Amino acid sequence: MNVKRFYFFSLLVSLHCFNPAGAQDIIQTIRGTVYDSETRQPLSGASVYLKDTEPAVGTTTDEEGAFRLEKVPIGRYILKASFVGYETFTIPDLLVQAGKETILDIALTQAAKSLSEVVVREQTATVETIEPVSSRTFSVEETRRYAATFFDPARLATSFPGVVGTNDQGNHISVRGNSPASLLWRLEGIDIVNPNHLSNAGTFNDRRVASSGSQSILSTQVLDNSTFLSGAFPARYGNAIGGVFDMRLRKGNNEQYEYTVQAGLIGLEFAAEGPFQEGLESSFLANYRYSTVGLLTNVIGLDFGGEKITFQDLSFNLSFPTKKSGEFTVFGIGGLGSNVFEASRDSSAWETAKDRYDITFTNDMGALGVTHTYTTGQLLWKSVVATSGLNSNRFGDILNENYEVERVEEDDYQEIRLSATSSVTGKISGSHSLNGGFFLDHLYYRLSSAEGNLVVSPQTLVEGEGKGQLIRPYMSGKFSLSRVLTLQIGLHYVYFTFNGSQSLEPRASLQWNVAQNQSLNLAYGLHSQLQLPGVYFSKPTSSSGALIDTNEELGFTKAHHYVFSYSYLLDETSNLRLETYYQRLFDVPVSTNPNSTFSALNLFEGFVDEPLVNEGTGKNYGAELTLEKSLSDSYYLLFSSSLYESKYTAADGIQRDTRFNGNYTFSFTGGKEFAWDKEDKKRVIGINLRAVYLGGMRTTPINVSASEQKQMTVFDDARAFSQQLPDYFKIDLRVSLRMNRANYTSVLSLDLQNALNQQNVAFQYYDAVQDEVITKYQLGLIPILTYRIEF
């Protein structure tokens, strides 16, 4: 490093670390509301306090359930809230910082047994009940703290049991052996289209996928605590068989203006929040982000290997409480992204087949909605109306020896969803309650894909335009059978007008509190999911070569979910969970050809080239162990492991491994915070590590001779998914420095993804230029420097 640059950098660090305030305490306010988890009625007289503080810090809520703890020194605390007849609420790792007020919405659950306790994570916004089986509430602070998550909730989820990232270049995740395409995204209580940038990232054929991408459009600056579910979903969830991300947006500060600026390799961000008008309860929150790589390529002109990647997004949430009509919010997210690869006009630089292609991929997404929440007596009524849409295009042009362009690949995809939901929750008595409602979605699709010589002899892969209504009423009830037994039962019905498919789906769970800190849980659910639009509108050919439309009549893929779990609360910050599951899938689309090995369970990217029927089956089963300690005493840890099998049976009647059957996962995530001085909480160094060891994904062997003949990758489908890729191992590291000064907080962090630069196999393909099978590897060492300031 240049000596002058070294001294200049050292000066910046010294200025950053200099603390003119000396040992004087920096303080902040903790405030919020305590209410009933089911009716949202405010609880007056509830106790809210910080544990183990000297002097004691605590208060009681007023008539509106509001509380305020002022002049709280910055740092981490255990916060507790309690009310007579309700379970005690605990936040074991509450972070109080100088840059922003800590605002909490605390939902207490009426107790069926005295002395029980709900433990939630930092700054939990809503807790409807004790977390269901196969679910995990995660906080924004965790998303920022865990190593190399790229501030992305989907990447964070790979630390959870049974969740596997299928490629480092994207946030594609397989849950308990299911395809990433089986994942559902829900925002503010309503289902939306895929909320991710550049959905072709890290795919085998460089084409879009259904429910993931390079990076989430949802920035952590606007997210509230959210929930991830991996099986046996409650009755309010439908159209998913793999997993659910139930995302929430936080509300802006309604008393003062606050701002966040963040700069890093992922992007440049600016967030603002505050009251619309002083003295009113209404507030706004908005965040804008522009990709740093896009700025460097488009503005400065830096070259990243001939590839130009750019994205930008905007998120907002506007809150309008009223005195008599409940609360209204207006929310929205939107993202624009593109990936442009331009081939060299010097043929001597063409080392692989891709090098002679010009490829342009664009991916635009948006969602806009309005929510209304109204409480009266023992009833809670909540409604959401929203629209979301997605438009994606890809063009592949090959250069001949004269550098003339010939289009050989063209994809066009459009999806629009108009959605409404409304639900009513009411208490029968005590800890008994009922909940019912509906989801209504108007779905519109227009898509086409073709390849080959698109001028002379195009080959149509997918083509179609269609619409239909997805109608889903549901109801559920929670009943305390005794002081130790709680039963939840429900029913979910789904009807798809596009082709008349329907399904009636019972759901049930039973919780037995065998001791004050131990519980056994048993859950069951019948679930179903629509087929991918590319399956409905695929264009297989008949024996005469004509295109046929037989796949539009396919019904849902369905699955029975069975889950048994044992939970042991070791203390107020630590817990142990053992969970076993069995998922039996049926009505899976498979080929009408009795010798075919195709099953829709293996679909992720790619196209369908044969007529299908709902006659396939599959099964996923396994055991998961999780040991977690929330951040207290300056350290935290999360160990998760899973042993599992994922099988499918196609039209040929042979049971095989699915594409996503890795057999085992082991993940350790942990970290420690170091204060420069025990009495000085203003400067904190954080060291965070994540280690992942996974069984390799499955792949179909390549037929080398056929590939050489056709000059393209040809798989030996008779041996479908019989080959397992090598095991995957990666260590991520994150080092951060958090600085608190009067009225602002800054965080300087360095993430090292794949810190050991381990080579993990992504996939293999036949390359026509090199005339051999090529192994593509996942991402190597990537340093990500980020600076964030909140004020």
# chains A, B, ... in the order shown; residues from 1 in each chain; ligands from 1
$ residues_around --residues "Gly477 in chain A" --least-positions-apart "2" --cutoff "9 Å" --atoms "only C-alpha atoms" --output "ChimeraX atom specification"
/A:432-436,475,479,487-490
$ write_last_selection --atoms "C-alpha atoms" --output "short mmCIF file (atom, residue, chain, number, x, y, z; two decimals), in the first residue's frame"
data_model
loop_
_atom_site.label_atom_id
_atom_site.label_comp_id
_atom_site.auth_asym_id
_atom_site.auth_seq_id
_atom_site.Cartn_x
_atom_site.Cartn_y
_atom_site.Cartn_z
CA HIS A 432 -59.98 -19.79 23.46
CA SER A 433 -60.15 -17.95 20.13
CA LEU A 434 -61.39 -18.27 16.57
CA ASN A 435 -59.94 -16.86 13.37
CA GLY A 436 -61.42 -16.87 9.90
CA MET A 475 -60.78 -20.82 9.45
CA PHE A 479 -58.44 -24.05 22.42
CA LEU A 487 -55.05 -27.47 20.48
CA GLN A 488 -55.14 -25.55 17.22
CA ILE A 489 -57.30 -26.85 14.39
CA GLY A 490 -58.09 -25.31 11.05
#
$ residues_around --residues "Phe160 in chain A" --least-positions-apart "3" --cutoff "12 Å" --atoms "only C-alpha atoms" --output "PyMOL selection string"
chain A and resi 134-138+153-157+163-165+173-176+227-230+577+624-628+637-642+665-669+690+692
$ closest_residue --among "A:Ser528, A:Thr775, A:Ser482, A:Thr90" --to "Thr573 in chain A" --atoms "only C-alpha atoms"
A:Thr90
$ closest_residue --among "A:Asn393, A:Thr387, A:Asn551, A:Ser746" --to "Gln262 in chain A" --atoms "only C-alpha atoms"
A:Ser746
$ atom_distance --atom1 "CA of Thr360 in chain A" --atom2 "CA of Ser338 in chain A"
7.4 Å
$ closest_residue --among "A:Ser707, A:Ala148, A:Ala56, A:Lys354" --to "Asn754 in chain A" --atoms "only C-alpha atoms"
A:Ala148
$ closest_atom_pairs --of "range 373-490 of chain A" --to "range 317-329 of chain A" --cutoff "8 Å" --atoms "only C-alpha atoms" --output "tab-separated table"
residue	atom	partner	partner_atom	distance
A:Thr373	CA	A:Glu327	CA	5.2
A:Tyr374	CA	A:Gly326	CA	4.3
A:Thr375	CA	A:Gly326	CA	6.7
$ closest_residue --among "A:Lys776, A:Arg208, A:Lys682, A:Lys710" --to "Pro73 in chain A" --atoms "only C-alpha atoms"
A:Lys682
$ residues_around --residues "Ala762 in chain A" --least-positions-apart "5" --cutoff "12 Å" --atoms "only C-alpha atoms" --output "ChimeraX atom specification"
/A:165-170,202-204,696-699,724-728,774-780
$ atom_distance --atom1 "CA of Ser283 in chain A" --atom2 "CA of Phe331 in chain A"
12.0 Å
$ residues_around --residues "range 36-53 of chain A" --least-positions-apart "2" --cutoff "7 Å" --atoms "only C-alpha atoms" --output "ChimeraX atom specification"
/A:34,55-65,77-83,107-109,127-128,375,378-380,425-426
$ residues_around --residues "Gln529 in chain A" --least-positions-apart "2" --cutoff "8 Å" --atoms "only C-alpha atoms" --output "list in words"
Ser182, Gly238, Asn239, Ala240, Ile241, His527, Gln531, Phe556, Thr557 and Lys558 of chain A
$ write_last_selection --atoms "N, CA, C and O atoms" --output "PDB file, in the first residue's frame"
ATOM      1  N   SER A 182     -40.838 -24.035  -4.644  1.00  0.00           N
ATOM      2  CA  SER A 182     -41.996 -24.312  -3.772  1.00  0.00           C
ATOM      3  C   SER A 182     -42.116 -23.313  -2.636  1.00  0.00           C
ATOM      4  O   SER A 182     -42.920 -23.503  -1.721  1.00  0.00           O
ATOM      5  N   GLY A 238     -51.397 -20.873   2.480  1.00  0.00           N
ATOM      6  CA  GLY A 238     -51.759 -21.806   1.418  1.00  0.00           C
ATOM      7  C   GLY A 238     -50.932 -21.558   0.172  1.00  0.00           C
ATOM      8  O   GLY A 238     -50.153 -20.606   0.089  1.00  0.00           O
ATOM      9  N   ASN A 239     -51.098 -22.433  -0.817  1.00  0.00           N
ATOM     10  CA  ASN A 239     -50.361 -22.364  -2.073  1.00  0.00           C
ATOM     11  C   ASN A 239     -48.851 -22.439  -1.839  1.00  0.00           C
ATOM     12  O   ASN A 239     -48.073 -21.705  -2.432  1.00  0.00           O
ATOM     13  N   ALA A 240     -48.428 -23.340  -0.963  1.00  0.00           N
ATOM     14  CA  ALA A 240     -47.015 -23.561  -0.699  1.00  0.00           C
ATOM     15  C   ALA A 240     -46.835 -24.956  -0.124  1.00  0.00           C
ATOM     16  O   ALA A 240     -47.624 -25.385   0.727  1.00  0.00           O
ATOM     17  N   ILE A 241     -45.801 -25.660  -0.583  1.00  0.00           N
ATOM     18  CA  ILE A 241     -45.496 -26.981  -0.023  1.00  0.00           C
ATOM     19  C   ILE A 241     -44.071 -27.042   0.523  1.00  0.00           C
ATOM     20  O   ILE A 241     -43.717 -27.996   1.210  1.00  0.00           O
ATOM     21  N   HIS A 527     -51.331 -29.728   2.330  1.00  0.00           N
ATOM     22  CA  HIS A 527     -50.975 -28.496   1.614  1.00  0.00           C
ATOM     23  C   HIS A 527     -50.970 -28.752   0.107  1.00  0.00           C
ATOM     24  O   HIS A 527     -50.771 -29.888  -0.341  1.00  0.00           O
ATOM     25  N   GLN A 531     -49.012 -25.230 -10.118  1.00  0.00           N
ATOM     26  CA  GLN A 531     -47.833 -25.514 -10.931  1.00  0.00           C
ATOM     27  C   GLN A 531     -47.208 -24.195 -11.402  1.00  0.00           C
ATOM     28  O   GLN A 531     -47.855 -23.140 -11.418  1.00  0.00           O
ATOM     29  N   PHE A 556     -53.250 -29.319  -8.694  1.00  0.00           N
ATOM     30  CA  PHE A 556     -52.231 -28.939  -7.717  1.00  0.00           C
ATOM     31  C   PHE A 556     -51.305 -30.119  -7.411  1.00  0.00           C
ATOM     32  O   PHE A 556     -51.719 -31.275  -7.426  1.00  0.00           O
ATOM     33  N   THR A 557     -50.064 -29.800  -7.070  1.00  0.00           N
ATOM     34  CA  THR A 557     -49.219 -30.745  -6.352  1.00  0.00           C
ATOM     35  C   THR A 557     -49.608 -30.673  -4.882  1.00  0.00           C
ATOM     36  O   THR A 557     -49.767 -29.586  -4.321  1.00  0.00           O
ATOM     37  N   LYS A 558     -49.754 -31.833  -4.229  1.00  0.00           N
ATOM     38  CA  LYS A 558     -50.248 -31.858  -2.847  1.00  0.00           C
ATOM     39  C   LYS A 558     -49.271 -32.604  -1.951  1.00  0.00           C
ATOM     40  O   LYS A 558     -48.459 -33.408  -2.412  1.00  0.00           O
TER      41      LYS A 558
END
$ closest_residue --among "A:Leu295, A:Ile398, A:Ala508, A:Pro533" --to "Ser449 in chain A" --atoms "only C-alpha atoms"
A:Pro533
$ atom_distance --atom1 "CA of Asp657 in chain A" --atom2 "CA of Ser722 in chain A"
7.1 Å
$ residues_around --residues "Ile548 in chain A" --least-positions-apart "5" --cutoff "9 Å" --atoms "only C-alpha atoms" --output "list in words"
Ser538, Lys539, Pro540, Thr541, Ser542 and Pro611 of chain A
$ write_last_selection --atoms "N, CA, C and O atoms" --output "tab-separated table (two decimals), in the first residue's frame"
chain	number	residue	atom	x	y	z
A	538	SER	N	-46.31	-24.83	-21.16
A	538	SER	CA	-45.27	-25.50	-21.94
A	538	SER	C	-45.86	-26.02	-23.24
A	538	SER	O	-47.07	-26.26	-23.35
A	539	LYS	N	-45.01	-26.22	-24.22
A	539	LYS	CA	-45.45	-26.64	-25.55
A	539	LYS	C	-44.74	-27.92	-25.98
A	539	LYS	O	-43.87	-27.91	-26.85
A	540	PRO	N	-45.12	-29.05	-25.37
A	540	PRO	CA	-44.56	-30.32	-25.87
A	540	PRO	C	-45.09	-30.61	-27.27
A	540	PRO	O	-46.11	-30.07	-27.70
A	541	THR	N	-44.39	-31.49	-27.97
A	541	THR	CA	-44.79	-31.83	-29.34
A	541	THR	C	-45.40	-33.23	-29.38
A	541	THR	O	-45.02	-34.12	-28.62
A	542	SER	N	-46.36	-33.41	-30.27
A	542	SER	CA	-46.98	-34.71	-30.48
A	542	SER	C	-46.09	-35.56	-31.37
A	542	SER	O	-45.03	-35.12	-31.84
A	611	PRO	N	-45.88	-34.03	-22.41
A	611	PRO	CA	-47.19	-33.95	-21.74
A	611	PRO	C	-47.11	-34.55	-20.34
A	611	PRO	O	-46.42	-35.55	-20.12
$ residues_around --residues "Gly252 in chain A" --least-positions-apart "3" --cutoff "7 Å" --atoms "only C-alpha atoms" --output "number ranges by chain"
A: 273-274, 283-285
$ decode --residues "range 754-780 of chain A" --atoms "N, CA, C and O atoms" --output "compact mmCIF listing (two decimals), in the first residue's frame"
# COMPACT_ATOMS: atom_id res chain seq x y z
N ASN A 754 -16.96 -16.91 2.09
CA ASN A 754 -16.03 -17.98 1.75
C ASN A 754 -14.61 -17.55 2.09
O ASN A 754 -13.73 -17.46 1.23
N ALA A 755 -14.40 -17.29 3.37
CA ALA A 755 -13.13 -16.71 3.83
C ALA A 755 -11.92 -17.57 3.50
O ALA A 755 -10.81 -17.05 3.33
N LEU A 756 -12.11 -18.89 3.38
CA LEU A 756 -11.00 -19.78 3.05
C LEU A 756 -10.87 -20.03 1.56
O LEU A 756 -10.03 -20.82 1.12
N ASN A 757 -11.72 -19.36 0.78
CA ASN A 757 -11.70 -19.50 -0.69
C ASN A 757 -11.85 -20.95 -1.12
O ASN A 757 -11.19 -21.44 -2.04
N GLN A 758 -12.76 -21.65 -0.45
CA GLN A 758 -13.01 -23.06 -0.75
C GLN A 758 -13.68 -23.20 -2.11
O GLN A 758 -14.58 -22.45 -2.46
N GLN A 759 -13.24 -24.19 -2.90
CA GLN A 759 -13.86 -24.47 -4.19
C GLN A 759 -15.00 -25.45 -3.99
O GLN A 759 -14.79 -26.62 -3.67
N ASN A 760 -16.23 -24.98 -4.20
CA ASN A 760 -17.42 -25.82 -4.12
C ASN A 760 -18.05 -25.93 -5.50
O ASN A 760 -18.26 -24.91 -6.18
N VAL A 761 -18.35 -27.14 -5.90
CA VAL A 761 -18.88 -27.37 -7.24
C VAL A 761 -20.32 -26.87 -7.33
O VAL A 761 -21.15 -27.15 -6.45
N ALA A 762 -20.61 -26.12 -8.40
CA ALA A 762 -21.97 -25.65 -8.64
C ALA A 762 -22.71 -26.59 -9.59
O ALA A 762 -23.79 -27.08 -9.28
N PHE A 763 -22.12 -26.87 -10.75
CA PHE A 763 -22.72 -27.79 -11.71
C PHE A 763 -21.69 -28.11 -12.79
O PHE A 763 -20.59 -27.53 -12.82
N GLN A 764 -22.05 -29.01 -13.69
CA GLN A 764 -21.21 -29.38 -14.82
C GLN A 764 -22.00 -29.24 -16.11
O GLN A 764 -23.23 -29.40 -16.12
N TYR A 765 -21.31 -28.94 -17.20
CA TYR A 765 -21.96 -28.85 -18.49
C TYR A 765 -20.95 -29.17 -19.59
O TYR A 765 -19.72 -29.12 -19.37
N TYR A 766 -21.44 -29.51 -20.78
CA TYR A 766 -20.57 -29.74 -21.93
C TYR A 766 -20.37 -28.43 -22.67
O TYR A 766 -21.35 -27.76 -23.03
N ASP A 767 -19.11 -28.07 -22.90
CA ASP A 767 -18.79 -26.82 -23.60
C ASP A 767 -18.35 -27.14 -25.01
O ASP A 767 -17.38 -27.89 -25.22
N ALA A 768 -19.06 -26.57 -26.00
CA ALA A 768 -18.78 -26.87 -27.40
C ALA A 768 -17.45 -26.30 -27.87
O ALA A 768 -16.82 -26.84 -28.78
N VAL A 769 -17.00 -25.20 -27.28
CA VAL A 769 -15.74 -24.60 -27.70
C VAL A 769 -14.56 -25.42 -27.19
O VAL A 769 -13.63 -25.74 -27.93
N GLN A 770 -14.61 -25.82 -25.92
CA GLN A 770 -13.53 -26.62 -25.36
C GLN A 770 -13.71 -28.11 -25.64
O GLN A 770 -12.79 -28.90 -25.40
N ASP A 771 -14.88 -28.50 -26.14
CA ASP A 771 -15.18 -29.88 -26.50
C ASP A 771 -14.94 -30.84 -25.33
O ASP A 771 -14.34 -31.91 -25.49
N GLU A 772 -15.42 -30.46 -24.15
CA GLU A 772 -15.29 -31.31 -22.98
C GLU A 772 -16.29 -30.87 -21.91
O GLU A 772 -16.90 -29.80 -22.01
N VAL A 773 -16.43 -31.71 -20.90
CA VAL A 773 -17.30 -31.39 -19.79
C VAL A 773 -16.57 -30.44 -18.85
O VAL A 773 -15.45 -30.70 -18.41
N ILE A 774 -17.22 -29.32 -18.53
CA ILE A 774 -16.63 -28.27 -17.70
C ILE A 774 -17.31 -28.27 -16.34
O ILE A 774 -18.53 -28.43 -16.24
N THR A 775 -16.53 -28.11 -15.29
CA THR A 775 -17.05 -27.97 -13.93
C THR A 775 -17.07 -26.50 -13.54
O THR A 775 -16.03 -25.83 -13.60
N LYS A 776 -18.24 -26.01 -13.20
CA LYS A 776 -18.38 -24.63 -12.73
C LYS A 776 -18.42 -24.62 -11.20
O LYS A 776 -19.11 -25.44 -10.59
N TYR A 777 -17.68 -23.70 -10.62
CA TYR A 777 -17.60 -23.62 -9.17
C TYR A 777 -18.42 -22.44 -8.64
O TYR A 777 -18.70 -21.48 -9.36
N GLN A 778 -18.78 -22.53 -7.38
CA GLN A 778 -19.52 -21.45 -6.74
C GLN A 778 -18.56 -20.32 -6.38
O GLN A 778 -17.37 -20.37 -6.67
N LEU A 779 -19.08 -19.29 -5.74
CA LEU A 779 -18.29 -18.09 -5.49
C LEU A 779 -17.12 -18.38 -4.56
O LEU A 779 -17.24 -19.15 -3.60
N GLY A 780 -15.99 -17.76 -4.86
CA GLY A 780 -14.83 -17.86 -3.99
C GLY A 780 -14.85 -16.76 -2.94
O GLY A 780 -15.91 -16.27 -2.54
